[in-house]
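**Q** The structure under discussion is supplied below as structure tokens; questions concerning it will follow.
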Amino acid sequence: MMTCVSFWKEKILFCDGWFLYLDGKGNHSVISQQCARQLELKYQNYQASMDMGRGGLPKEVAYPARGFRCVDGKYVYTDYDVDKLIGTGSVRPVEGVMMIPEEIMGIRINGIARRAFENETGLVQVILPDGISKIDESAFEGCTNLREITNLSEDVHIGADAFKNTALFSGQRIEYLGHALIRVEHSFSGILKIEEGTTSIADCALQGCAKLEEVLFPSDLRIIGRAAFEGCVKLKRIRLPQSLQKIEASAFQDCEKLTELVLPQKMDTIGERAFAGCRALERVELPDGIREMKRALFEGCGRLNEVHIPDSVRRIYPKAFEGTGLFAHYLESEDEELYLDQWLIHYKGFDGKILSVKEGTIGIADLEFLTAHEVSEVHFPDSLQYIGADTFRNASLRRIDLPEKLLYIGQSAFKGTKIKEILIPASVDIVEKWAFQSCEELEKITVTGSKTNIVWPAVSGRRDKEPIIISAPVHSPAAEYCEEYGAQYHLSFQPLRQS
């Protein structure tokens, strides 16, 4: 009997009448049999399309190879592997009162997955276990008889339409569930005062409330969900409470009249595009504890001319400042590089030129094909700690000297370069995937640190050339990488002699 079904890094298990979904990112949820089937169907459809696209297989070969049958000219999937997990057991009926266990097979349930129990009309009440941190998009959508959710945590993040078309609500213009604001009618205008005691705002809760002008937040608010205020084009003022910890992706995107933003100091997470398209935004104060500035965070904020990057920041994603006022001024100037505080944000096309990163710089932002990448030589300052993704991808570099304080080498940072040999300082914590992939001339990498983590597949060699030598301390993560992937990626391990 099958014990689990795997899709990419995801797994589905069956135990004691429950289907258990592990998404590979640390999120564990019980799901219905129908949801398990939909996950398998989606995976096999994708694999068949990839077999056709990349593999060049004809449709009549690709789909049957993935378990589909041709019925009346259409390919259908009926023989589900997830059904085989049940064996001689039986599936718990999803109806009446459903009490979700705290753990299954020693695995703690910490969330409810996307569409986990969609359209299960027999459900009347759900009793959640302690520790549920997220109820994802459409988790209970269409459960038309669902009238009660018990033990809803104060810190739970509620996805868009998680409870749409259930019997939980009374049709009011403003809908709450436990400590969460779930939905506000699009026609709401003027000032909204959110009830005290509200700790989270659900994804898309006020999305498209085009007449909303001001929001008075409760003092205990902790989470503002994805796209919660997206498209609130008349929203001028927000005073965020000091209790706030997370602003999810696109939360205030396209709030065109928002002019100033002061973020609470306790915050540690701001999602991608959170303030993109806020055309009137002129000034931002970021919290000192934030570690990442996500993709397109302030993209299209044409009046934004002032941003201070806190010392706590470790990574700046692509397009974080593209389309801002400060980026526009840089493009119009004769400056070859754009620096913000101690970060190199962008450099213009270097056609065979030398790039000297100025002293005092601690980080280079992710660049993702924003420049010509024809730099032939680069000089790093001793102060540099972070090299972002794609920063020198496909550049003409033949040699680089990495500084001794360096901590991080980002995804594809030196992919496709002409480097022959490189020494990675002991200070480096992580070498991300593809960092030195497709480096046709690469012969040797020396990893001096015993704790440097090399993320698969950071390094790979060609079969028509001598293997790439990885010299590193014995029993180090770099040595383990070479042992695990050496045969597959044409690598040869050489113990590093340490004085």
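Naming scheme: A, B, ... for chains in displayed order of the structure tokens; residues 1 onward per chain; ligands 1 onward as shown.
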From a backbone DSSP assignment, name each residue in range 35-91 of chain A labelled strand (DSSP E), as an MDAnalysis selection string.
**A** chainID A and resid 68:71 74:77
**Q** Measuring between only C-alpha atoms, which one of A:Cys209, A:Val459, A:Ile12, A:Leu57 shows the shortest distance to Ala413 in chain A?
**A**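 Looking only at the distances to Ala413 in chain A, the closest residue turns out to be A:Val459.
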**Q** With only C-alpha atoms as the counted atoms, please give the residues lying no more than 8 Å from Asn394 in chain A, apart from itself and same-chain residues fewer than 2 positions off, as a ChimeraX atom specification.
**A** /A:373-374,392,396,414-417
**Q** Which residues of range 83-134 of chain A sit at most 6 Å from range 144-153 of chain A, using only C-alpha atoms? Give each one's shortest atom pair and distance in Å (one decimal place), in chain and ascending residue order, as CSV.
**A**
```
residue,atom,partner,partner_atom,distance
A:Thr121,CA,A:Thr144,CA,5.4
A:Leu123,CA,A:Leu146,CA,5.3
A:Val124,CA,A:Leu146,CA,4.1
A:Gln125,CA,A:Glu148,CA,4.8
A:Val126,CA,A:Ile149,CA,5.0
A:Ile127,CA,A:Thr150,CA,4.7
A:Leu128,CA,A:Asn151,CA,5.5
```
**Q** Write the residues of the preceding selection, restricted to N, CA and C atoms, as a compact mmCIF listing (two decimals), in the first residue's frame.
**A**
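Saved as part-v1.txt:
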```txt
# COMPACT_ATOMS: atom_id res chain seq x y z
N THR A 121 -20.63 21.14 1.51
CA THR A 121 -21.88 21.73 2.00
C THR A 121 -22.43 21.06 3.25
N LEU A 123 -20.75 20.57 5.98
CA LEU A 123 -20.11 21.12 7.18
C LEU A 123 -21.01 22.13 7.87
N VAL A 124 -21.13 21.99 9.20
CA VAL A 124 -21.93 22.93 10.01
C VAL A 124 -21.04 23.70 10.97
N GLN A 125 -20.05 23.01 11.55
CA GLN A 125 -19.15 23.64 12.51
C GLN A 125 -17.75 23.06 12.34
N VAL A 126 -16.72 23.92 12.48
CA VAL A 126 -15.33 23.48 12.45
C VAL A 126 -14.67 23.90 13.75
N ILE A 127 -14.07 22.93 14.44
CA ILE A 127 -13.32 23.22 15.67
C ILE A 127 -11.84 23.12 15.33
N LEU A 128 -11.16 24.24 15.37
CA LEU A 128 -9.74 24.29 15.00
C LEU A 128 -8.86 23.90 16.17
```
**Q** May I ask for the distance between CA of Asp136 in chain A and CA of Ile109 in chain A, given in Å to one decimal place?
**A**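 Rounded to one decimal, the two atoms are 13.5 Å apart.
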**Q** Do you know which residues are at most 8 Å from Tyr408 in chain A counting only C-alpha atoms, after dropping those on the same chain fewer than 2 positions away, and could you put them as a list in words?
**A**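 Everything that qualifies: Gln385, Tyr386, Ile387, Gly388, Leu406, Gly410, Val428, Asp429, Ile430 and Val431 of chain A.
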**Q** Can you list, as number ranges by chain, every protein, DNA or RNA residue that comes within 6 Å of Gly225 in chain A when you count only C-alpha atoms, leaving out same-chain residues fewer than 6 positions away?
**A** A: 201-203, 248
